[in-house]
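Only one structure is covered here, and it is reproduced in the block below.
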Amino acid sequence: MVNLKKINCINKTYLDTKHSILVFGYFENGTLDAKQKKLDTLLESKISKAIELDDFKGKEDKKIIIYGNNDFKRIIFFGLGEKNKYNTDKVRSIAAKIVDYVNDMDVSSISVDADSFNFNKKGVAQAFCEGLVLGSYVFNEYKTDNDGKSYVDDISIFGDINRENVNKGYTLGCSVSFARDLGNHPANVVTPSYLSKEATSIAQNVKEMTSHIFNLDDIKKMGMGAFYGVAQGAKEPAKMIIVEYNGGNKKQKPIALVGKGLTFDSGGISIKPSASMDEMKFDMCGSATVLGVLKAVGELKPKINIIFAIGSTENMPDGNAQRPGDIVTAYNGKTIEVLNTDAEGRLVLADVLSYVDKKYSPASILDFATLTGAVLIALGNRASGVMGNSSSLMKEVFKASEISSEKVWELPLWDEYTKEIKGKYADIQNIGQARLAGTITAGSFLKEFVGNTPWVHMDIAGTAWGPKEPAYQPKIGATGVAVRLVYQFIENQL
Ligand code: BES
Ligand code: MG
Ligand code: ZN
């Protein structure tokens, strides 16, 4: 949940208003600017004295607090570090640290001076607001006791500000937080039906959006045997969720965003060990990324066409669950030997990918999935693994990733790897050789279902939950990874 409810842009000087907390940025070895000097005089040199007394130089992570007067109750200077090392990801982090610092001071609103944070530098205003929102995120919906904590719910930014950038930052922060919430709720709350309702309710409020929900019967009838095989053992009804967004020219091909929405992955008959199995509530984080972007697109309305698609079910052991060795036929006609029922994400995605590809002929497809534990071995939780069939689309993903500071690292999908998933009895099998290139063989499997459409797959099993750094990441739980990256990707296409 985002505690910060509002960011106000105030295009006048902070000197004319009262503040319970007024926050400034301060570069390493910087000096007070003209307005700050005026404030210092008003406060009988309390600011310059504090700077001197604490030997405050503006180093990163250093700060000083000054108790002023009735109009300027508290003034905080945050060190920004060296000016030539200042970048948007630092801004995002510093903003999150500011919120964290003031959150427990029992004030509901604070003020920020835009100038001292270089708001006019490209990307700073947006990143700052993203950081404010993400830093204010907590997931405590199930705690009946709030520990007496207080949260800032309103921030006013003073100065010459581009409102559109502030608004975009706020909206993206909220969209990432929405994705985090979806991930953090337990599997007895976030079910495929819950995800369908969230998608439908966003789409209903946006006139450029139309939603279609397909249930288990539809999935079976449409020939999605791979998806059906996973869903057949689940009591909780499975759903395929499609939202069409027509914000662009009618003739323009859409881009497609596809998400793995396993609301719980027990492994099925190839059941997982109990330790950490609770974390498999996060196995829908790919779909949370897609829904986070859906929310952002609904609010920011980029002029582009997008297909949002989610395959959602649980993966459960049951008398009716699929068995290791079962052979299923996917939507594109390929037969698959299910050698391990725990490699279920690729089965669900196979059908959603080939459905989206056939039905919409998209210009490009991006998919997001907590697909393999192996990606954690390869990259830890610092970067998502990316794979694809188009170097130009991959370049676009990298370009967006650099701006959003959500790291991605490419793994190869050479033909040699496709050999590893050649089936004994069917066309392909759903796993490669034990322990060898698990992330790549999963990617190679998906590649069989996108035809010639430019496609990039992002394995977010290491990044969807767990990372605690930088400061705008949550202290626990889901990160909402790639929502900002994808929105940046969309903007770069406009
Ligand atoms: N959802 C898991 C992948 C996963 C594991 C994500 C751990 C995050 C943490 C996926 O469905 C899965 O079980 N994959 C198997 C594939 C294997 C059976 C080839 C895995 O990674 O162990
Ligand atoms: Mg699994
Ligand atoms: Zn899974």
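By order in the structure tokens, chains are A, B, ...; within a chain, residues start at 1; ligands start at 1, following the order shown.
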
As a quick test: using only C-alpha atoms and all ligand atoms, which residues lie no more than 6 Å away from ligand 2? Give them as a PDB file with N, CA, C and O atoms, in the first residue's frame.
```pdb
ATOM      1  N   ASP A 265       2.332 -22.156  -6.971  1.00  0.00           N
ATOM      2  CA  ASP A 265       3.004 -23.247  -7.668  1.00  0.00           C
ATOM      3  C   ASP A 265       3.559 -24.239  -6.651  1.00  0.00           C
ATOM      4  O   ASP A 265       4.639 -24.049  -6.096  1.00  0.00           O
ATOM      5  N   GLY A 267       4.260 -27.183  -7.533  1.00  0.00           N
ATOM      6  CA  GLY A 267       5.036 -28.134  -8.321  1.00  0.00           C
ATOM      7  C   GLY A 267       4.126 -29.181  -8.968  1.00  0.00           C
ATOM      8  O   GLY A 267       4.516 -29.843  -9.897  1.00  0.00           O
ATOM      9  N   ASP A 342       6.465 -29.553 -12.515  1.00  0.00           N
ATOM     10  CA  ASP A 342       6.869 -28.287 -11.906  1.00  0.00           C
ATOM     11  C   ASP A 342       7.394 -27.290 -12.943  1.00  0.00           C
ATOM     12  O   ASP A 342       7.549 -26.112 -12.647  1.00  0.00           O
ATOM     13  N   ALA A 343       7.667 -27.753 -14.149  1.00  0.00           N
ATOM     14  CA  ALA A 343       8.040 -26.815 -15.218  1.00  0.00           C
ATOM     15  C   ALA A 343       6.751 -26.409 -15.917  1.00  0.00           C
ATOM     16  O   ALA A 343       6.530 -26.676 -17.100  1.00  0.00           O
ATOM     17  N   GLU A 344       5.850 -25.776 -15.116  1.00  0.00           N
ATOM     18  CA  GLU A 344       4.479 -25.502 -15.568  1.00  0.00           C
ATOM     19  C   GLU A 344       4.313 -24.131 -16.202  1.00  0.00           C
ATOM     20  O   GLU A 344       3.451 -23.940 -17.050  1.00  0.00           O
TER      21      GLU A 344
END
```

Can I get the residues of region 258-347 of chain A within 6 Å of region 231-237 of chain A, each with the closest pair of atoms and their distance in Å to one decimal, using only C-alpha atoms, sorted chain first then ascending number, as JSON lines?
```
{"residue": "A:Thr313", "atom": "CA", "partner": "A:Ala231", "partner_atom": "CA", "distance": 5.8}
{"residue": "A:Glu314", "atom": "CA", "partner": "A:Ala234", "partner_atom": "CA", "distance": 5.8}
{"residue": "A:Met316", "atom": "CA", "partner": "A:Ala234", "partner_atom": "CA", "distance": 5.5}
{"residue": "A:Asp318", "atom": "CA", "partner": "A:Gly233", "partner_atom": "CA", "distance": 5.4}
{"residue": "A:Asn320", "atom": "CA", "partner": "A:Gly233", "partner_atom": "CA", "distance": 4.9}
{"residue": "A:Ala321", "atom": "CA", "partner": "A:Gly233", "partner_atom": "CA", "distance": 3.7}
```

Write out, as a Markdown table, each residue of chain A that has an atom at most 9 Å from ligand 1, together with the closest pair of atoms and their distance in Å to one decimal, counting only C-alpha atoms and all ligand atoms, rows going by chain and rising number.
```
| residue | atom | partner | partner_atom_place_in_ligand_line | distance |
| --- | --- | --- | --- | --- |
| A:Leu262 | CA | ligand 1 | 1 (N) | 7.7 |
| A:Phe264 | CA | ligand 1 | 1 (N) | 8.5 |
| A:Asp265 | CA | ligand 1 | 1 (N) | 6.1 |
| A:Ser266 | CA | ligand 1 | 13 (O) | 8.1 |
| A:Gly267 | CA | ligand 1 | 13 (O) | 5.9 |
| A:Ser270 | CA | ligand 1 | 18 (C) | 8.0 |
| A:Lys272 | CA | ligand 1 | 13 (O) | 7.6 |
| A:Ser276 | CA | ligand 1 | 7 (C) | 8.9 |
| A:Met277 | CA | ligand 1 | 7 (C) | 8.8 |
| A:Glu279 | CA | ligand 1 | 9 (C) | 7.5 |
| A:Met280 | CA | ligand 1 | 1 (N) | 6.5 |
| A:Phe282 | CA | ligand 1 | 8 (C) | 7.8 |
| A:Asp283 | CA | ligand 1 | 1 (N) | 5.3 |
| A:Met284 | CA | ligand 1 | 1 (N) | 8.6 |
| A:Asn315 | CA | ligand 1 | 11 (O) | 8.6 |
| A:Leu339 | CA | ligand 1 | 18 (C) | 8.7 |
| A:Asn340 | CA | ligand 1 | 18 (C) | 5.7 |
| A:Thr341 | CA | ligand 1 | 18 (C) | 7.2 |
| A:Asp342 | CA | ligand 1 | 13 (O) | 4.5 |
| A:Ala343 | CA | ligand 1 | 16 (C) | 4.3 |
| A:Glu344 | CA | ligand 1 | 11 (O) | 5.3 |
| A:Gly345 | CA | ligand 1 | 11 (O) | 5.1 |
| A:Arg346 | CA | ligand 1 | 11 (O) | 7.8 |
| A:Ala369 | CA | ligand 1 | 1 (N) | 8.2 |
| A:Thr370 | CA | ligand 1 | 6 (C) | 4.8 |
| A:Leu371 | CA | ligand 1 | 3 (C) | 4.5 |
| A:Thr372 | CA | ligand 1 | 21 (O) | 3.6 |
| A:Gly373 | CA | ligand 1 | 21 (O) | 3.6 |
| A:Ala374 | CA | ligand 1 | 21 (O) | 5.5 |
| A:Val375 | CA | ligand 1 | 21 (O) | 8.0 |
| A:Leu376 | CA | ligand 1 | 9 (C) | 7.5 |
| A:Asn430 | CA | ligand 1 | 19 (C) | 7.6 |
| A:Ile431 | CA | ligand 1 | 19 (C) | 5.1 |
| A:Gly432 | CA | ligand 1 | 19 (C) | 7.0 |
| A:Gln433 | CA | ligand 1 | 19 (C) | 8.5 |
| A:Ala434 | CA | ligand 1 | 19 (C) | 7.3 |
| A:Arg435 | CA | ligand 1 | 19 (C) | 8.0 |
| A:Gly438 | CA | ligand 1 | 19 (C) | 6.2 |
| A:Thr439 | CA | ligand 1 | 21 (O) | 7.8 |
| A:Thr441 | CA | ligand 1 | 19 (C) | 8.5 |
| A:Ala442 | CA | ligand 1 | 19 (C) | 7.6 |
| A:Asp459 | CA | ligand 1 | 6 (C) | 8.9 |
| A:Ile460 | CA | ligand 1 | 6 (C) | 8.0 |
| A:Ala461 | CA | ligand 1 | 8 (C) | 4.3 |
| A:Gly462 | CA | ligand 1 | 8 (C) | 6.5 |
| A:Ala464 | CA | ligand 1 | 8 (C) | 8.5 |
| A:Trp465 | CA | ligand 1 | 8 (C) | 8.8 |
```

Using DSSP on the backbone coordinates, identify all residues within region 237-464 of chain A classified as strand (DSSP E); present the result as a ChimeraX atom specification. /A:239-246,255-265,305-315,327-329,335-337,364-369,384-388,408-410,428-429,455-459

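Closest approach to ligand 3 among A:Arg323, A:Arg484, A:Lys358, A:Lys260: A:Lys260, based on only C-alpha atoms and all ligand atoms.
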
Kindly indicate which residue among A:Gly261, A:Gly148, A:Pro192, A:Gly173 lies nearest to ligand 3, using only C-alpha atoms and all ligand atoms for the distances.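 That would be A:Gly261, the residue with the smallest distance to ligand 3.
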
Which of region 153-327 of chain A DSSP labels alpha helix (DSSP H), written as a PyMOL selection string: chain A and resi 163-184+192-204+216-221+225-231+285-300

Counting only C-alpha atoms, the residue of A:Ser274, A:Thr263, A:Gln252, A:Thr171 that sits nearest Gln126 (chain A): A:Thr171

Wanna dump the region 159-231 of chain A-region 299-303 of chain A contacts at 10 Å for me, each residue with its shortest atom pair and the distance in Å to one decimal, counting only C-alpha atoms, ordered by chain and number, as CSV?
```
residue,atom,partner,partner_atom,distance
A:Glu164,CA,A:Leu300,CA,9.9
A:Asn167,CA,A:Leu300,CA,9.0
A:Lys168,CA,A:Leu300,CA,7.3
A:Thr171,CA,A:Glu299,CA,7.5
A:Leu172,CA,A:Leu300,CA,9.2
A:Ser175,CA,A:Glu299,CA,9.6
A:Ile202,CA,A:Glu299,CA,9.5
A:Asn205,CA,A:Glu299,CA,9.7
A:Val206,CA,A:Glu299,CA,8.2
A:Glu208,CA,A:Lys301,CA,8.6
```

CA of Ala383 (chain A) sits from CA of Tyr355 (chain A) at a separation of 28.8 Å

Polymer residues at most 12 Å from Asp16 (chain A), only C-alpha atoms, same-chain spacing of 5 or more positions, as a list in words: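 So, after excluding close chain neighbours, the residues are Ile10, Asn11, Lys35, Lys38, Leu39, Asp71, Phe72, Phe158 and Gly159 of chain A.
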
Atoms kept (C-alpha atoms) for selection, written as a PDB file, in the first residue's frame:
```pdb
ATOM      1  CA  ILE A  10       3.682  24.631  -5.993  1.00  0.00           C
ATOM      2  CA  ASN A  11       5.149  27.066  -8.482  1.00  0.00           C
ATOM      3  CA  LYS A  35      17.088  31.802  -1.233  1.00  0.00           C
ATOM      4  CA  LYS A  38      17.729  34.476   2.915  1.00  0.00           C
ATOM      5  CA  LEU A  39      16.163  31.688   4.958  1.00  0.00           C
ATOM      6  CA  ASP A  71       7.011  29.114  10.109  1.00  0.00           C
ATOM      7  CA  PHE A  72       9.913  26.820   9.292  1.00  0.00           C
ATOM      8  CA  PHE A 158       8.170  24.074  -4.392  1.00  0.00           C
ATOM      9  CA  GLY A 159       9.708  25.717  -7.447  1.00  0.00           C
TER      10      GLY A 159
END
```

For a quick check of understanding, using only C-alpha atoms, which of A:Gly248, A:Pro254, A:Gly135, A:Gly183 has the smallest distance to Asp357 (chain A)?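 Result for the nearest residue to Asp357 (chain A): A:Pro254.
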